[in-house]
file model.cif (mmCIF, C-alpha atoms)
data_final
#
loop_
_atom_site.group_PDB
_atom_site.id
_atom_site.type_symbol
_atom_site.label_atom_id
_atom_site.label_comp_id
_atom_site.auth_asym_id
_atom_site.auth_seq_id
_atom_site.Cartn_x
_atom_site.Cartn_y
_atom_site.Cartn_z
ATOM 1 C CA MET J 1 0.000 0.000 0.000
ATOM 2 C CA PRO J 2 1.491 3.372 -0.953
ATOM 3 C CA TRP J 3 2.251 5.804 1.863
ATOM 4 C CA ASP J 4 -0.723 8.070 2.469
ATOM 5 C CA ASP J 5 0.120 11.585 3.717
ATOM 6 C CA GLN J 6 -3.266 11.937 5.392
ATOM 7 C CA ALA J 7 -2.784 8.632 7.258
ATOM 8 C CA SER J 8 0.696 9.802 8.257
ATOM 9 C CA ASP J 9 -0.776 13.008 9.734
ATOM 10 C CA GLU J 10 -3.375 10.987 11.640
ATOM 11 C CA ILE J 11 -0.701 8.666 13.067
ATOM 12 C CA GLN J 12 1.443 11.628 14.115
ATOM 13 C CA PHE J 13 -1.560 13.339 15.709
ATOM 14 C CA SER J 14 -2.402 10.200 17.689
ATOM 15 C CA ARG J 15 1.121 10.263 19.148
ATOM 16 C CA THR J 16 0.863 13.859 20.327
ATOM 17 C CA ASP J 17 -1.390 15.507 22.845
ATOM 18 C CA ALA J 18 -3.479 18.639 22.396
ATOM 19 C CA ILE J 19 -0.499 20.984 22.817
ATOM 20 C CA GLY J 20 1.664 19.044 20.383
ATOM 21 C CA GLN J 21 3.992 17.265 22.812
ATOM 22 C CA ASN J 22 5.160 13.836 21.762
ATOM 23 C CA ARG J 23 4.111 11.549 24.609
ATOM 24 C CA LEU J 24 6.002 8.510 23.293
ATOM 25 C CA THR J 25 9.367 10.200 23.745
ATOM 26 C CA ASP J 26 8.329 12.136 26.870
ATOM 27 C CA ARG J 27 7.343 8.896 28.560
ATOM 28 C CA PHE J 28 10.801 7.360 28.270
ATOM 29 C CA GLU J 29 13.552 9.820 29.082
ATOM 30 C CA THR J 30 16.657 8.149 27.673
ATOM 31 C CA LYS J 31 19.620 10.518 28.070
ATOM 32 C CA SER J 32 20.191 9.545 31.710
ATOM 33 C CA LEU J 33 20.061 5.800 31.001
ATOM 34 C CA ALA J 34 23.818 5.878 30.336
ATOM 35 C CA LEU J 35 24.217 6.536 34.079
ATOM 36 C CA MET J 36 23.710 3.925 36.785
ATOM 37 C CA PRO J 37 24.371 3.507 40.503
ATOM 38 C CA GLY J 38 27.931 2.422 41.266
ATOM 39 C CA GLN J 39 29.376 4.081 38.153
ATOM 40 C CA LYS J 40 32.404 6.348 38.635
ATOM 41 C CA VAL J 41 32.126 9.787 37.032
ATOM 42 C CA ARG J 42 33.957 13.120 36.877
ATOM 43 C CA ALA J 43 32.006 16.118 38.116
ATOM 44 C CA THR J 44 32.503 19.879 38.142
ATOM 45 C CA ILE J 45 31.394 21.765 41.253
ATOM 46 C CA LEU J 46 28.847 24.438 40.258
ATOM 47 C CA SER J 47 27.698 25.888 43.597
ATOM 48 C CA HIS J 48 27.739 25.467 47.371
ATOM 49 C CA HIS J 49 24.622 25.172 49.551
ATOM 50 C CA ARG J 50 24.080 24.579 53.279
ATOM 51 C CA TRP J 51 23.510 20.856 52.696
ATOM 52 C CA GLY J 52 26.090 20.215 49.967
ATOM 53 C CA VAL J 53 27.016 21.051 46.383
ATOM 54 C CA LEU J 54 25.436 21.085 42.939
ATOM 55 C CA VAL J 55 27.573 19.524 40.223
ATOM 56 C CA GLU J 56 27.660 18.886 36.499
ATOM 57 C CA ILE J 57 28.599 15.369 35.383
ATOM 58 C CA ALA J 58 31.257 15.343 32.648
ATOM 59 C CA GLY J 59 29.875 14.062 29.354
ATOM 60 C CA HIS J 60 26.268 14.645 30.448
ATOM 61 C CA GLU J 61 26.128 18.433 30.381
ATOM 62 C CA ASP J 62 23.238 18.445 27.875
ATOM 63 C CA ALA J 63 21.259 15.620 29.478
ATOM 64 C CA GLY J 64 18.944 17.975 31.382
ATOM 65 C CA LEU J 65 19.640 16.385 34.735
ATOM 66 C CA SER J 66 20.258 17.739 38.204
ATOM 67 C CA ALA J 67 23.258 16.320 40.087
ATOM 68 C CA SER J 68 24.346 16.923 43.660
ATOM 69 C CA ILE J 69 26.439 15.723 46.567
ATOM 70 C CA ASP J 70 24.748 15.833 49.984
ATOM 71 C CA MET J 71 27.788 16.639 52.115
ATOM 72 C CA ILE J 72 25.859 16.586 55.403
ATOM 73 C CA GLN J 73 24.453 13.105 54.699
ATOM 74 C CA GLN J 74 27.869 11.790 53.692
ATOM 75 C CA PHE J 75 29.961 13.244 56.498
ATOM 76 C CA SER J 76 27.516 13.839 59.388
ATOM 77 C CA THR J 77 28.461 10.580 61.117
ATOM 78 C CA ALA J 78 32.033 11.829 61.500
ATOM 79 C CA LYS J 79 32.566 13.720 64.760
ATOM 80 C CA ILE J 80 33.405 17.037 63.093
ATOM 81 C CA SER J 81 32.226 20.595 63.521
ATOM 82 C CA TYR J 82 30.168 22.399 60.895
ATOM 83 C CA ASP J 83 33.253 24.485 60.033
ATOM 84 C CA GLU J 84 35.226 21.260 59.437
ATOM 85 C CA LEU J 85 32.384 19.977 57.272
ATOM 86 C CA LEU J 86 32.456 23.191 55.218
ATOM 87 C CA SER J 87 36.202 22.744 54.717
ATOM 88 C CA ARG J 88 35.464 19.415 52.987
ATOM 89 C CA PHE J 89 33.326 21.118 50.312
ATOM 90 C CA PRO J 90 35.261 20.990 47.016
ATOM 91 C CA PRO J 91 35.969 24.473 45.594
ATOM 92 C CA ILE J 92 33.526 25.845 43.001
ATOM 93 C CA GLY J 93 34.859 25.119 39.506
ATOM 94 C CA SER J 94 36.997 22.167 40.594
ATOM 95 C CA GLN J 95 36.685 18.749 38.972
ATOM 96 C CA ILE J 96 36.384 15.740 41.240
ATOM 97 C CA ASP J 97 35.940 11.973 41.068
ATOM 98 C CA ALA J 98 32.613 10.700 42.349
ATOM 99 C CA VAL J 99 30.444 7.608 42.234
ATOM 100 C CA ILE J 100 26.730 7.585 41.418
ATOM 101 C CA GLN J 101 24.816 6.749 44.577
ATOM 102 C CA HIS J 102 21.201 7.129 43.431
ATOM 103 C CA ILE J 103 19.219 8.195 40.358
ATOM 104 C CA ASN J 104 15.631 9.431 40.558
ATOM 105 C CA ARG J 105 13.791 9.313 37.228
ATOM 106 C CA TRP J 106 10.242 9.661 38.578
ATOM 107 C CA PHE J 107 9.750 13.204 37.308
ATOM 108 C CA PRO J 108 11.838 15.546 35.167
ATOM 109 C CA PRO J 109 14.456 16.649 35.636
ATOM 110 C CA VAL J 110 16.292 13.435 36.422
ATOM 111 C CA SER J 111 18.042 13.808 39.769
ATOM 112 C CA VAL J 112 21.431 12.163 40.394
ATOM 113 C CA ARG J 113 22.985 11.904 43.860
ATOM 114 C CA LEU J 114 26.751 11.381 43.961
ATOM 115 C CA SER J 115 29.117 10.222 46.678
ATOM 116 C CA ILE J 116 32.684 11.352 47.222
ATOM 117 C CA ARG J 117 33.365 9.220 50.297
ATOM 118 C CA PRO J 118 36.780 7.585 49.816
ATOM 119 C CA SER J 119 35.333 4.167 50.742
ATOM 120 C CA ASP J 120 32.558 4.538 48.123
ATOM 121 C CA LEU J 121 35.070 5.523 45.453
ATOM 122 C CA GLU J 122 37.027 2.367 46.224
ATOM 123 C CA SER J 123 34.037 -0.002 46.335
ATOM 124 C CA PHE J 124 30.424 1.188 46.291
ATOM 125 C CA ALA J 125 27.798 -0.874 48.154
ATOM 126 C CA TRP J 126 24.046 -0.329 48.560
ATOM 127 C CA PRO J 127 21.252 -2.385 50.168
ATOM 128 C CA CYS J 128 19.609 -4.998 47.936
ATOM 129 C CA ASP J 129 15.967 -4.069 47.349
ATOM 130 C CA PHE J 130 14.958 -7.726 47.806
ATOM 131 C CA CYS J 131 16.834 -8.888 50.939
ATOM 132 C CA GLY J 132 18.107 -5.618 52.442
ATOM 133 C CA GLU J 133 21.716 -6.828 52.732
ATOM 134 C CA GLN J 134 24.562 -4.777 51.224
ATOM 135 C CA THR J 135 25.472 -5.589 47.632
ATOM 136 C CA THR J 136 28.497 -4.261 45.756
ATOM 137 C CA LEU J 137 27.773 -2.184 42.650
ATOM 138 C CA SER J 138 31.407 -1.481 41.754
ATOM 139 C CA PRO J 139 32.962 -3.498 38.908
ATOM 140 C CA GLY J 140 33.386 -7.113 39.962
ATOM 141 C CA GLY J 141 30.559 -6.784 42.489
ATOM 142 C CA ASP J 142 27.524 -8.993 42.938
ATOM 143 C CA ALA J 143 24.807 -6.416 42.187
ATOM 144 C CA LEU J 144 22.486 -5.888 39.253
ATOM 145 C CA VAL J 145 20.753 -2.610 38.444
ATOM 146 C CA LEU J 146 17.254 -2.927 36.994
ATOM 147 C CA ASP J 147 15.338 0.005 35.551
ATOM 148 C CA SER J 148 11.602 -0.624 35.536
ATOM 149 C CA ARG J 149 9.176 1.378 33.405
ATOM 150 C CA SER J 150 5.486 1.328 32.749
ATOM 151 C CA ASN J 151 3.881 1.221 29.331
ATOM 152 C CA ASP J 152 1.211 3.566 30.690
ATOM 153 C CA GLY J 153 3.128 6.703 31.605
ATOM 154 C CA PRO J 154 6.323 8.557 32.394
ATOM 155 C CA GLY J 155 9.005 7.820 34.931
ATOM 156 C CA SER J 156 11.060 4.825 35.846
ATOM 157 C CA HIS J 157 12.354 3.215 39.006
ATOM 158 C CA THR J 158 15.768 1.730 39.684
ATOM 159 C CA VAL J 159 15.971 -1.530 41.608
ATOM 160 C CA ILE J 160 19.290 -2.731 43.073
ATOM 161 C CA ALA J 161 19.575 -6.483 43.633
ATOM 162 C CA HIS J 162 22.039 -9.261 44.359
ATOM 163 C CA ARG J 163 22.304 -11.537 41.328
ATOM 164 C CA HIS J 164 21.083 -14.488 43.370
ATOM 165 C CA CYS J 165 18.136 -12.510 44.833
ATOM 166 C CA LEU J 166 16.896 -11.696 41.334
ATOM 167 C CA ALA J 167 17.549 -15.239 40.053
ATOM 168 C CA GLU J 168 15.589 -16.735 42.987
ATOM 169 C CA ARG J 169 12.569 -14.617 42.070
ATOM 170 C CA ILE J 170 12.465 -15.597 38.407
ATOM 171 C CA HIS J 171 9.837 -18.266 37.775
ATOM 172 C CA SER J 172 11.187 -21.820 37.976
ATOM 173 C CA GLU J 173 9.891 -22.601 34.474
ATOM 174 C CA ALA J 174 12.346 -20.028 33.073
ATOM 175 C CA PRO J 175 15.702 -21.621 33.974
ATOM 176 C CA GLY J 176 17.444 -19.862 31.086
ATOM 177 C CA GLU J 177 16.417 -16.473 32.461
ATOM 178 C CA ARG J 178 17.657 -17.473 35.924
ATOM 179 C CA ALA J 179 21.013 -18.504 34.461
ATOM 180 C CA ARG J 180 21.282 -15.227 32.525
ATOM 181 C CA ALA J 181 20.582 -13.206 35.689
ATOM 182 C CA LEU J 182 23.543 -14.925 37.334
ATOM 183 C CA LYS J 183 25.862 -14.188 34.380
ATOM 184 C CA ILE J 184 24.935 -10.620 33.279
ATOM 185 C CA GLY J 185 28.134 -8.604 32.860
ATOM 186 C CA LYS J 186 30.440 -11.503 33.689
ATOM 187 C CA ARG J 187 32.968 -12.758 31.213
#
call {"tool": "encode", "arguments": {"input": "model.cif", "output": "structure tokens"}}
result
Amino acid sequence: MPWDDQASDEIQFSRTDAIGQNRLTDRFETKSLALMPGQKVRATILSHHRWGVLVEIAGHEDAGLSASIDMIQQFSTAKISYDELLSRFPPIGSQIDAVIQHINRWFPPVSVRLSIRPSDLESFAWPCDFCGEQTTLSPGGDALVLDSRSNDGPGSHTVIAHRHCLAERIHSEAPGERARALKIGKR
């Protein structure tokens, strides 16, 4: 059947809402999908705030995301004064190494929380969303990162899991899927 321009217009209209926004692409923000918890990144310090710093992640300047380091959350367990805490804030304009701690893709803009704790930079761990025990997200670790999305609307949710916790929850009649869950990313 030859391409019909009128049919093409109708298809395009059905993919857009009344104000002309394309809901298929709005529903699945994709620029931030290159980022995941446990990944090391370089960041430039943009500004200081009472709680921490806003940063820009190198290579993702045009991704339309908000990135920050909550200095109080990261260093409040140390027995230090507020002045000592402020002295740990990296200078504005400096570039630092960081690790992605959390990504929130529920609503735009995507929000990325980074960690600069020396222990996290060496090996980043986070609680498994299935069993609650720590799992290592750094290379060579035992964690998987799952991004879940709905076919009905925007946003996505990141689930962190031990390989074995995910494999145990895959239906027993799908042994191939269980085996793949145990081998994802391994050579």
call {"tool": "resolve_selection", "arguments": {"input": "model.cif", "expression": "the PyMOL selection byres ((chain J and resi 117-132) around 7)", "output": "VMD selection string"}}
result
chain J and resid 38 74 98 to 99 115 to 116 133 to 138 159 to 162 165
call {"tool": "closest_residue", "arguments": {"input": "model.cif", "among": "J:Arg42, J:Lys186, J:His48, J:Arg113", "to": "Ile100 of chain J", "atoms": "all atoms listed in the file"}}
result
J:Arg113
call {"tool": "closest_residue", "arguments": {"input": "model.cif", "among": "J:Arg105, J:Arg88, J:Arg50, J:Lys40", "to": "Leu65 of chain J", "atoms": "only C-alpha atoms"}}
result
J:Arg105
call {"tool": "atom_distance", "arguments": {"input": "model.cif", "atom1": "atom CA of Ala43 of chain J", "atom2": "atom CA of Asp70 of chain J"}}
result
13.9 Å
call {"tool": "closest_residue", "arguments": {"input": "model.cif", "among": "J:Ile170, J:Ile80, J:Val41, J:Leu182", "to": "Val112 of chain J", "atoms": "only C-alpha atoms"}}
result
J:Val41
call {"tool": "atom_distance", "arguments": {"input": "model.cif", "atom1": "atom CA of Leu85 of chain J", "atom2": "atom CA of Leu46 of chain J"}}
result
17.9 Å
call {"tool": "resolve_selection", "arguments": {"input": "model.cif", "expression": "the PyMOL selection byres ((chain J and resi 89) around 8)", "output": "VMD selection string"}}
result
chain J and resid 48 52 to 53 71 85 to 88 90 to 91
call {"tool": "axis_aligned_box", "arguments": {"input": "model.cif", "around": "segment 172-185 of chain J", "padding_each_side": "5 Å", "output": "lines of an AutoDock Vina configuration file"}}
result
center_x = 19.0
center_y = -15.6
center_z = 34.5
size_x = 28.2
size_y = 24.0
size_z = 16.9
call {"tool": "resolve_selection", "arguments": {"input": "model.cif", "expression": "the PyMOL selection byres ((chain J and resi 181) around 10)", "output": "CSV table (one decimal) with C-alpha atoms, in the frame of the given file"}}
result
chain,number,residue,atom,x,y,z
J,144,LEU,CA,22.5,-5.9,39.3
J,162,HIS,CA,22.0,-9.3,44.4
J,163,ARG,CA,22.3,-11.5,41.3
J,164,HIS,CA,21.1,-14.5,43.4
J,165,CYS,CA,18.1,-12.5,44.8
J,166,LEU,CA,16.9,-11.7,41.3
J,167,ALA,CA,17.5,-15.2,40.1
J,168,GLU,CA,15.6,-16.7,43.0
J,170,ILE,CA,12.5,-15.6,38.4
J,175,PRO,CA,15.7,-21.6,34.0
J,176,GLY,CA,17.4,-19.9,31.1
J,177,GLU,CA,16.4,-16.5,32.5
J,178,ARG,CA,17.7,-17.5,35.9
J,179,ALA,CA,21.0,-18.5,34.5
J,180,ARG,CA,21.3,-15.2,32.5
J,182,LEU,CA,23.5,-14.9,37.3
J,183,LYS,CA,25.9,-14.2,34.4
J,184,ILE,CA,24.9,-10.6,33.3
J,185,GLY,CA,28.1,-8.6,32.9
call {"tool": "atom_distance", "arguments": {"input": "model.cif", "atom1": "atom CA of Ala34 of chain J", "atom2": "atom CA of Ile72 of chain J"}}
result
27.3 Å
call {"tool": "closest_residue", "arguments": {"input": "model.cif", "among": "J:Pro109, J:Gly93, J:Gly153, J:Pro139", "to": "Pro37 of chain J", "atoms": "all atoms listed in the file"}}
result
J:Pro139
call {"tool": "closest_residue", "arguments": {"input": "model.cif", "among": "J:Ser76, J:Pro154, J:Gly141, J:Ile92", "to": "His49 of chain J", "atoms": "only C-alpha atoms"}}
result
J:Ile92
